[in-house]
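Visitor: Below: one structure in structure tokens.
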2 protein chains.
Amino acid sequence: MTKNCNFIEKLREVGLRPTKQRIKICEVLYNREKTFHFTINDLVKMISEKMNEKISLATVYNTVHAFEKKGYLKEISIDSHKSYFDTNTSAHHHFFDEDTHELIDCDESDIDKINIRKNITGKKINSVEVLVRVASDNQTQK
Amino acid sequence: MTKNCNFIEKLREVGLRPTKQRIKICEVLYNREKTFHFTINDLVKMISEKMNEKISLATVYNTVHAFEKKGYLKEISIDSHKSYFDTNTSAHHHFFDEDTHELIDCDESDIDKINIRKNITGKKINSVEVLVRVASDNQTQK
DNA sequence: CAACAGTTTAGAATTATTATAATGTAGATT
DNA sequence: AATCTACATTATAATAATTCTAAACTGTTG
């Protein structure tokens with residue numbers, strides 16, 4: 001169990017003020033064994049239900065985006081009009097379960113390294129993301 | 001230049017009533033040399049500007065989704081809270097230019113076939129999409 | 001051409017997100 | 001420790017994308 005003072009230091013290191021709210025969000029996001037995926041809505045629920053603290057929706061948005069900018073979180077685009085975030089910030093790919101809308105990490109060994117042979121002139125590659133959409137066998141394909 | 005009666009037949013084939021609005025949308029989307037990418041907003045503009053016809057926003061949404069369900073269009077998720085559609089419905093990958101928000105098709109030869117070694121139990125793979133995010137060399141990475 | 005199911009429409013409702021402006025607070029300065 | 005200041009938080013309003021609704025309309029079938 002990481003202590004709060006570690007979060008305080010961590011936040012300071014990247015130049016974010018360790019406010020009550022940011023520390024609370026750190027606790028919810030990073031005080032756990034495994035990395036996970038969430039939407040802003042999930043996060044708000046976690047904070048307001050599990051820990052009984054009031055936090056403004058705007059603060060959650062601000063903080064999550066601040067964390068993303070600083071590399072604490074990665075945003076994943078799957079569903080138009082819903083943002084998923086991942087506490088696993090390393091380069092990795094995803095399965096998306098279209099039945100349950102669940103996002104599942106790909107093991108590194110599950111997909112070969114993607115080799116891009118040609119790029120757009122004058123541009124650099126920021127990221128290469130693979131999304132494998134899956135659904136029940138009996139389900140009609142989306 | 002495909003004639004309208006072809007669109008009528010095409011729509012009938014998949015069980016969509018060939019209404020004025022659907023035919024108009026077909027014209028805008030498919031009466032062209034190359035496939036292309038668009039947002040609902042783009043499409044509404046194209047219809048209302050290029051051709052001077054009134055069409056309800058709701059109809060555009062309905063029709064685009066009907067087309068997608070029937071395999072006339074492919075939806076591409078890139079940006080949370082904006083839906084991109086592609087008139088190229090074959091399996092292919094994309095570059096996304098983060099400077100201009102432009103979506104560019106990958107040539108088939110630009111990326112090796114992706115090999116998924118393991119899947120989620122009881123699920124079938126619906127699609128495998130690669131998204132290569134690019135930006136100007138001088139730009140800070142997102 | 002009558003009947004009906006599917007479609008379109010304008011506008012209201014919903015959902016996700018961002019902006020605003022007042023209030024609060026962390027951390028530096030005294 | 002009191003003060004200062006820039007950054008954060010908050011509640012709420014605004015915006016944007018999308019979906020819903022209920023009434024009017026229109027292909028299609030018989």
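The chains in the structure tokens are called A, B, ... from first to last as shown; in each chain the residues are counted from 1, and the ligands are counted from 1 in the order shown.
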Tell me the residues of chain B close to chain C, meaning within 9 Å using only C-alpha atoms (C1' of nucleotides), as an MDAnalysis selection string.
Guide: chainID B and resid 17 19 21 55:59 81
Visitor: Restricting it to N, CA and C atoms, dump the selection as a compact mmCIF listing (two decimals), in the first residue's frame.
Guide:
```txt
# COMPACT_ATOMS: atom_id res chain seq x y z
N ARG B 17 -35.34 1.06 -47.39
CA ARG B 17 -36.22 1.75 -48.34
C ARG B 17 -35.48 2.88 -49.03
N THR B 19 -35.44 6.01 -49.94
CA THR B 19 -36.12 7.30 -49.81
C THR B 19 -35.27 8.39 -50.45
N GLN B 21 -34.01 11.00 -49.18
CA GLN B 21 -32.88 11.40 -48.35
C GLN B 21 -31.74 10.39 -48.43
N ILE B 55 -32.35 18.79 -45.19
CA ILE B 55 -32.37 17.46 -44.60
C ILE B 55 -32.20 17.62 -43.10
N SER B 56 -32.97 16.85 -42.36
CA SER B 56 -32.92 16.96 -40.91
C SER B 56 -31.67 16.28 -40.39
N LEU B 57 -31.09 16.88 -39.36
CA LEU B 57 -29.91 16.31 -38.72
C LEU B 57 -30.18 14.89 -38.25
N ALA B 58 -31.35 14.70 -37.68
CA ALA B 58 -31.72 13.37 -37.18
C ALA B 58 -31.72 12.35 -38.31
N THR B 59 -32.16 12.76 -39.48
CA THR B 59 -32.18 11.85 -40.63
C THR B 59 -30.76 11.46 -41.02
N HIS B 81 -15.64 11.65 -28.38
CA HIS B 81 -16.67 12.64 -28.71
C HIS B 81 -16.60 13.24 -30.10
```
Visitor: Using only C-alpha atoms (C1' of nucleotides), determine which residues of chain D fall within 9 Å of chain B; present them as a list of chain:residue names.
Guide: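 Per the criterion, chain D yields D:DA16, D:DA17, D:DT18, D:DT19, D:DT26, D:DG27, D:DT28.
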Visitor: Please identify all residues of chain B having at least one atom at most 6 Å from any atom of chain A, considering only C-alpha atoms, and return them as a VMD selection string.
Guide: chain B and resid 77 to 83 110 to 111 116 to 118 123 to 137
Visitor: If you run DSSP on the backbone, which residues of chain B are alpha helix (DSSP H), as number ranges by chain?
Guide: B: 4-13, 20-30, 40-49, 57-69
Visitor: Find the spatial neighbours of Leu11 in chain B, counting only C-alpha atoms (C1' of nucleotides), within a cut-off of 12 Å - ignore same-chain residues fewer than 2 positions away - and output them as a PyMOL selection string.
Guide: chain B and resi 4-9+13-26+63+66-67+70-72
Visitor: Suppose you want the space between CA of Leu73 in chain B and CA of Thr87 in chain B; what is it in Å?
Guide: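 Atom-to-atom, CA of Leu73 in chain B to CA of Thr87 in chain B, that is 5.1 Å.
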Visitor: In Å, with one decimal, what is the gap from C1' of DA13 in chain D to CA of Leu43 in chain A?
Guide: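 One can read the C1' of DA13 in chain D to CA of Leu43 in chain A distance as 23.1 Å.
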Visitor: Using Å and a single decimal, report how far CA of Lys10 in chain A sits from CA of Asn52 in chain A.
Guide: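 For CA of Asn52 in chain A relative to CA of Lys10 in chain A, the distance reads 24.0 Å.
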Visitor: To test your reading of the structure, identify every residue in chain B that backbone DSSP assigns to strand (DSSP E or B), and report it as JSON, numbers by chain.
Guide: {"B": [37, 38, 39, 74, 75, 76, 77, 78, 79, 82, 83, 84, 85, 86, 94, 95, 96, 97, 102, 103, 104, 105, 111, 116, 123, 124, 125, 126, 127, 128, 129, 130, 131, 132, 133, 134, 135, 136]}
Visitor: Taking N, CA, C and O atoms for each residue, export the selection above as a compact mmCIF listing (two decimals), in the first residue's frame.
Guide:
```
# COMPACT_ATOMS: atom_id res chain seq x y z
N HIS B 37 -13.13 10.04 -45.74
CA HIS B 37 -13.53 10.04 -44.33
C HIS B 37 -14.35 11.28 -44.03
O HIS B 37 -14.06 12.34 -44.58
N PHE B 38 -15.30 11.15 -43.15
CA PHE B 38 -16.11 12.32 -42.81
C PHE B 38 -16.71 12.16 -41.42
O PHE B 38 -16.81 11.05 -40.90
N THR B 39 -17.11 13.29 -40.88
CA THR B 39 -17.91 13.29 -39.65
C THR B 39 -19.34 13.62 -40.06
O THR B 39 -19.58 14.10 -41.16
N LYS B 74 -18.00 2.43 -42.51
CA LYS B 74 -17.27 1.92 -41.35
C LYS B 74 -17.05 3.07 -40.39
O LYS B 74 -16.72 4.17 -40.82
N GLU B 75 -17.28 2.81 -39.12
CA GLU B 75 -17.02 3.86 -38.14
C GLU B 75 -15.60 3.71 -37.62
O GLU B 75 -15.11 2.60 -37.43
N ILE B 76 -14.94 4.84 -37.40
CA ILE B 76 -13.56 4.82 -36.90
C ILE B 76 -13.47 5.66 -35.64
O ILE B 76 -13.88 6.81 -35.64
N SER B 77 -12.96 5.06 -34.59
CA SER B 77 -12.86 5.77 -33.31
C SER B 77 -11.45 6.28 -33.12
O SER B 77 -10.51 5.52 -33.12
N ILE B 78 -11.36 7.55 -32.95
CA ILE B 78 -10.06 8.19 -32.86
C ILE B 78 -10.07 9.16 -31.74
O ILE B 78 -9.22 9.21 -30.89
N ASP B 79 -11.06 9.96 -31.82
CA ASP B 79 -11.22 11.09 -30.97
C ASP B 79 -12.44 10.73 -30.15
O ASP B 79 -13.45 10.38 -30.70
N LYS B 82 -16.18 12.44 -31.07
CA LYS B 82 -16.41 12.78 -32.46
C LYS B 82 -16.37 11.47 -33.24
O LYS B 82 -15.42 10.70 -33.11
N SER B 83 -17.39 11.22 -34.05
CA SER B 83 -17.41 9.98 -34.83
C SER B 83 -16.93 10.24 -36.24
O SER B 83 -17.44 11.12 -36.92
N TYR B 84 -15.96 9.49 -36.67
CA TYR B 84 -15.52 9.53 -38.05
C TYR B 84 -16.07 8.31 -38.76
O TYR B 84 -16.13 7.21 -38.20
N PHE B 85 -16.47 8.52 -40.02
CA PHE B 85 -16.91 7.41 -40.84
C PHE B 85 -16.05 7.33 -42.08
O PHE B 85 -15.45 8.32 -42.51
N ASP B 86 -16.00 6.13 -42.65
CA ASP B 86 -15.13 5.85 -43.78
C ASP B 86 -15.98 5.15 -44.85
O ASP B 86 -16.66 4.18 -44.54
N HIS B 94 -5.17 3.16 -40.35
CA HIS B 94 -5.18 4.61 -40.54
C HIS B 94 -4.02 5.34 -39.86
O HIS B 94 -3.52 4.90 -38.82
N PHE B 95 -3.65 6.42 -40.49
CA PHE B 95 -2.84 7.44 -39.85
C PHE B 95 -3.80 8.53 -39.37
O PHE B 95 -4.77 8.84 -40.07
N PHE B 96 -3.53 9.09 -38.21
CA PHE B 96 -4.32 10.23 -37.76
C PHE B 96 -3.37 11.38 -37.48
O PHE B 96 -2.47 11.27 -36.65
N ASP B 97 -3.55 12.44 -38.23
CA ASP B 97 -2.70 13.62 -38.08
C ASP B 97 -3.22 14.48 -36.94
O ASP B 97 -4.28 15.08 -37.06
N GLU B 102 -6.72 15.19 -39.41
CA GLU B 102 -7.03 14.52 -40.68
C GLU B 102 -6.77 13.03 -40.52
O GLU B 102 -5.82 12.61 -39.86
N LEU B 103 -7.63 12.27 -41.16
CA LEU B 103 -7.53 10.81 -41.12
C LEU B 103 -7.06 10.34 -42.49
O LEU B 103 -7.64 10.74 -43.50
N ILE B 104 -6.02 9.54 -42.52
CA ILE B 104 -5.45 9.13 -43.80
C ILE B 104 -5.36 7.60 -43.86
O ILE B 104 -4.90 6.98 -42.90
N ASP B 105 -5.79 7.02 -44.95
CA ASP B 105 -5.71 5.57 -45.11
C ASP B 105 -4.27 5.10 -45.18
O ASP B 105 -3.43 5.73 -45.80
N ILE B 111 1.75 -1.67 -43.64
CA ILE B 111 1.76 -2.35 -42.34
C ILE B 111 1.62 -3.85 -42.57
O ILE B 111 0.76 -4.29 -43.34
N ILE B 116 -2.74 -11.98 -34.18
CA ILE B 116 -3.16 -12.04 -32.77
C ILE B 116 -2.96 -13.47 -32.29
O ILE B 116 -3.60 -14.39 -32.80
N LYS B 123 -14.94 -15.60 -27.25
CA LYS B 123 -15.22 -14.43 -28.07
C LYS B 123 -14.62 -14.63 -29.45
O LYS B 123 -13.61 -15.31 -29.60
N LYS B 124 -15.25 -13.99 -30.43
CA LYS B 124 -14.64 -14.01 -31.76
C LYS B 124 -14.14 -12.60 -32.10
O LYS B 124 -14.69 -11.59 -31.62
N ILE B 125 -13.11 -12.56 -32.89
CA ILE B 125 -12.52 -11.26 -33.25
C ILE B 125 -13.34 -10.62 -34.36
O ILE B 125 -13.52 -11.21 -35.42
N ASN B 126 -13.87 -9.47 -34.11
CA ASN B 126 -14.66 -8.76 -35.11
C ASN B 126 -13.77 -7.92 -36.02
O ASN B 126 -14.04 -7.81 -37.21
N SER B 127 -12.77 -7.29 -35.44
CA SER B 127 -11.90 -6.46 -36.25
C SER B 127 -10.58 -6.21 -35.53
O SER B 127 -10.51 -6.30 -34.31
N VAL B 128 -9.58 -5.89 -36.32
CA VAL B 128 -8.27 -5.52 -35.78
C VAL B 128 -7.90 -4.21 -36.44
O VAL B 128 -7.74 -4.15 -37.65
N GLU B 129 -7.85 -3.16 -35.65
CA GLU B 129 -7.59 -1.84 -36.21
C GLU B 129 -6.29 -1.28 -35.66
O GLU B 129 -6.06 -1.30 -34.45
N VAL B 130 -5.48 -0.76 -36.56
CA VAL B 130 -4.26 -0.08 -36.13
C VAL B 130 -4.44 1.40 -36.40
O VAL B 130 -4.89 1.79 -37.47
N LEU B 131 -4.11 2.20 -35.40
CA LEU B 131 -4.15 3.64 -35.57
C LEU B 131 -2.76 4.19 -35.27
O LEU B 131 -2.23 3.99 -34.18
N VAL B 132 -2.20 4.86 -36.28
CA VAL B 132 -0.87 5.45 -36.13
C VAL B 132 -1.05 6.95 -35.97
O VAL B 132 -1.49 7.62 -36.90
N ARG B 133 -0.79 7.44 -34.79
CA ARG B 133 -0.94 8.88 -34.55
C ARG B 133 0.35 9.58 -34.92
O ARG B 133 1.42 9.21 -34.44
N VAL B 134 0.22 10.59 -35.78
CA VAL B 134 1.40 11.33 -36.21
C VAL B 134 1.21 12.82 -35.94
O VAL B 134 0.08 13.29 -35.78
N ALA B 135 2.32 13.54 -35.88
CA ALA B 135 2.27 14.99 -35.69
C ALA B 135 3.58 15.58 -36.20
O ALA B 135 4.54 14.85 -36.42
N SER B 136 3.58 16.90 -36.40
CA SER B 136 4.79 17.58 -36.85
C SER B 136 5.96 17.22 -35.96
O SER B 136 5.81 17.05 -34.76
```
